[in-house]
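Let me begin by presenting the structure, written as structure tokens, before commenting on it.
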Amino acid sequence: MRFILLFFMLMLLPIHAKADQFMLLTYEQAMKAKKILDNEEYVIIYCTCCQESKKEYIKINNVSVEKYPNSFDGKEYYTINVSGVNPITNKSMEETLDLAYTYFVRSDQKAYNVAIVLLLNADPCMVDAIEVDPYIKTKKKFIEREAYYRKFSELI
């Protein structure tokens with residue numbers, strides 16, 4: 001019975017490891033990602049591989065690199081943490097980012113994947129860029145929409 005239970009627990013490990021592709025980073029990877037995100041106003045969290053996944057927008061207030069408390073294989077790992085505001089709900093947010101699902105918005109009206117830009121070996125179903133939602137085509141329109149939703153949320 002113990003063997004069967006252990007077998008099933010071990011079978012689940014690769015599934016969990018696959019879900020967090022680039023949450024734990026080397027120091028160099030974390031600092032490169034921070035450098036990219038420090039210059040951005042918004043970040044989008046979105047799983048292109050997941051069914052029924054919705055884009056989650058965060059207006060960035062702060063980007064930090066934190067040492068992960070555990071080490072694996074004798075190596076130290078780090079995480080990228082973002083604090084900010086969801087411009088649609090106007091709620092404060094703090095997220096530990098998985099770079100495989102993190103995108104930054106460019107002036108060409110597309111959002112680019114941080115893991116792919118950093119040339120990390122990301123899952124093949126990921127795409128290098130996604131379309132920004134139609135009502136958020138430029139940062140100016142994004143700010144206008146943010147103000148609209150803030151007024152709307154005050155009425156609720």
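Starting from 1 in every chain, residues are counted up; chains themselves are A, B, ... following the order of the structure tokens, and ligands are numbered from 1 as listed.
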
Residues of region 5-89 of chain A at most 9 Å from region 107-115 of chain A: nearest atom pair and distance in Å, only C-alpha atoms, as CSV:
residue,atom,partner,partner_atom,distance
A:Phe22,CA,A:Ala115,CA,7.3
A:Ala33,CA,A:Val114,CA,6.9
A:Ile36,CA,A:Val114,CA,8.0
A:Leu37,CA,A:Val114,CA,8.7
A:Val43,CA,A:Ala111,CA,8.4
A:Ile44,CA,A:Ala111,CA,7.6

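One finds CA of Leu118 (chain A) at 21.3 Å from CA of Glu56 (chain A).
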
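Residues in contact with Gln21 (chain A) at up to 8 Å, not including ones fewer than 5 positions away on its chain and judged by only C-alpha atoms, are Asp98, Leu99, Ala100, Ala122 and Asp123 of chain A.
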
Sel. of strand (DSSP E) residues, region 19-56 of chain A, as a PyMOL selection string
chain A and resi 42-45+56

Please write the residues from the selection above to a file, keeping N, CA, C and O atoms, as a PDB file, in the first residue's frame.
ATOM      1  N   TYR A  42       3.406  48.508 -17.041  1.00  0.00           N
ATOM      2  CA  TYR A  42       2.418  47.447 -16.859  1.00  0.00           C
ATOM      3  C   TYR A  42       3.039  46.096 -17.144  1.00  0.00           C
ATOM      4  O   TYR A  42       3.965  45.976 -17.948  1.00  0.00           O
ATOM      5  N   VAL A  43       2.489  45.075 -16.502  1.00  0.00           N
ATOM      6  CA  VAL A  43       2.859  43.697 -16.779  1.00  0.00           C
ATOM      7  C   VAL A  43       1.558  42.913 -16.932  1.00  0.00           C
ATOM      8  O   VAL A  43       0.536  43.270 -16.336  1.00  0.00           O
ATOM      9  N   ILE A  44       1.604  41.886 -17.773  1.00  0.00           N
ATOM     10  CA  ILE A  44       0.433  41.037 -17.981  1.00  0.00           C
ATOM     11  C   ILE A  44       0.819  39.619 -17.560  1.00  0.00           C
ATOM     12  O   ILE A  44       1.848  39.100 -17.982  1.00  0.00           O
ATOM     13  N   ILE A  45      -0.014  39.013 -16.728  1.00  0.00           N
ATOM     14  CA  ILE A  45       0.165  37.626 -16.336  1.00  0.00           C
ATOM     15  C   ILE A  45      -0.845  36.824 -17.152  1.00  0.00           C
ATOM     16  O   ILE A  45      -2.050  37.072 -17.075  1.00  0.00           O
ATOM     17  N   GLU A  56      -4.290  38.971 -16.816  1.00  0.00           N
ATOM     18  CA  GLU A  56      -4.348  39.751 -15.588  1.00  0.00           C
ATOM     19  C   GLU A  56      -3.339  40.891 -15.706  1.00  0.00           C
ATOM     20  O   GLU A  56      -2.141  40.654 -15.851  1.00  0.00           O
TER      21      GLU A  56
END

Backbone DSSP call of helix (DSSP H, G or I) for region 2-117 of chain A, listed as an MDAnalysis selection string:
chainID A and resid 2:19 27:38 99:101 114:117

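For the atom pair formed by CA of Ser53 (chain A) and CA of Ile80 (chain A), the distance is 21.5 Å, given to one decimal.
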
Can you list, as a list in words, every protein, DNA or RNA residue that comes within 8 Å of Asn61 (chain A) when you count only C-alpha atoms, leaving out same-chain residues fewer than 6 positions away?
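So, after excluding close chain neighbours, the residues are Val82, Ser83, Gly84 and Val85 of chain A.
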
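Computed from the coordinates, the CA of Ile88 (chain A) to CA of Ile58 (chain A) distance equals 9.0 Å.
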
Just the residues within 12 Å of Glu28 (chain A), please, counting only C-alpha atoms, with nothing from its chain fewer than 6 positions along; format it as a ChimeraX atom specification.
/A:34-35,65,76-80,118,120

Store the residues picked out above in a file with N, CA and C atoms, as a PDB file, in the first residue's frame.
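Saved file again_39.pdb follows:
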ATOM      1  N   LYS A  34      14.505  41.698 -13.732  1.00  0.00           N
ATOM      2  CA  LYS A  34      14.213  42.937 -12.982  1.00  0.00           C
ATOM      3  C   LYS A  34      14.551  44.159 -13.824  1.00  0.00           C
ATOM      4  N   LYS A  35      15.674  44.106 -14.530  1.00  0.00           N
ATOM      5  CA  LYS A  35      16.074  45.233 -15.378  1.00  0.00           C
ATOM      6  C   LYS A  35      15.028  45.507 -16.454  1.00  0.00           C
ATOM      7  N   VAL A  65      13.734  41.594  -6.237  1.00  0.00           N
ATOM      8  CA  VAL A  65      14.328  40.266  -6.328  1.00  0.00           C
ATOM      9  C   VAL A  65      14.525  39.780  -4.904  1.00  0.00           C
ATOM     10  N   GLU A  76      21.595  28.403  -5.027  1.00  0.00           N
ATOM     11  CA  GLU A  76      20.655  29.392  -4.515  1.00  0.00           C
ATOM     12  C   GLU A  76      19.755  29.862  -5.660  1.00  0.00           C
ATOM     13  N   TYR A  77      18.503  30.107  -5.322  1.00  0.00           N
ATOM     14  CA  TYR A  77      17.547  30.580  -6.318  1.00  0.00           C
ATOM     15  C   TYR A  77      16.868  31.853  -5.824  1.00  0.00           C
ATOM     16  N   TYR A  78      16.309  32.591  -6.781  1.00  0.00           N
ATOM     17  CA  TYR A  78      15.699  33.884  -6.486  1.00  0.00           C
ATOM     18  C   TYR A  78      14.342  33.969  -7.173  1.00  0.00           C
ATOM     19  N   THR A  79      13.490  34.858  -6.664  1.00  0.00           N
ATOM     20  CA  THR A  79      12.180  35.104  -7.271  1.00  0.00           C
ATOM     21  C   THR A  79      12.059  36.581  -7.627  1.00  0.00           C
ATOM     22  N   ILE A  80      11.205  36.849  -8.594  1.00  0.00           N
ATOM     23  CA  ILE A  80      10.862  38.224  -8.963  1.00  0.00           C
ATOM     24  C   ILE A  80       9.480  38.500  -8.384  1.00  0.00           C
ATOM     25  N   LEU A 118      14.458  36.664 -22.510  1.00  0.00           N
ATOM     26  CA  LEU A 118      15.700  36.317 -21.815  1.00  0.00           C
ATOM     27  C   LEU A 118      16.339  35.026 -22.347  1.00  0.00           C
ATOM     28  N   LEU A 120      15.283  31.982 -22.192  1.00  0.00           N
ATOM     29  CA  LEU A 120      15.138  30.826 -21.321  1.00  0.00           C
ATOM     30  C   LEU A 120      14.408  29.740 -22.100  1.00  0.00           C
TER      31      LEU A 120
END
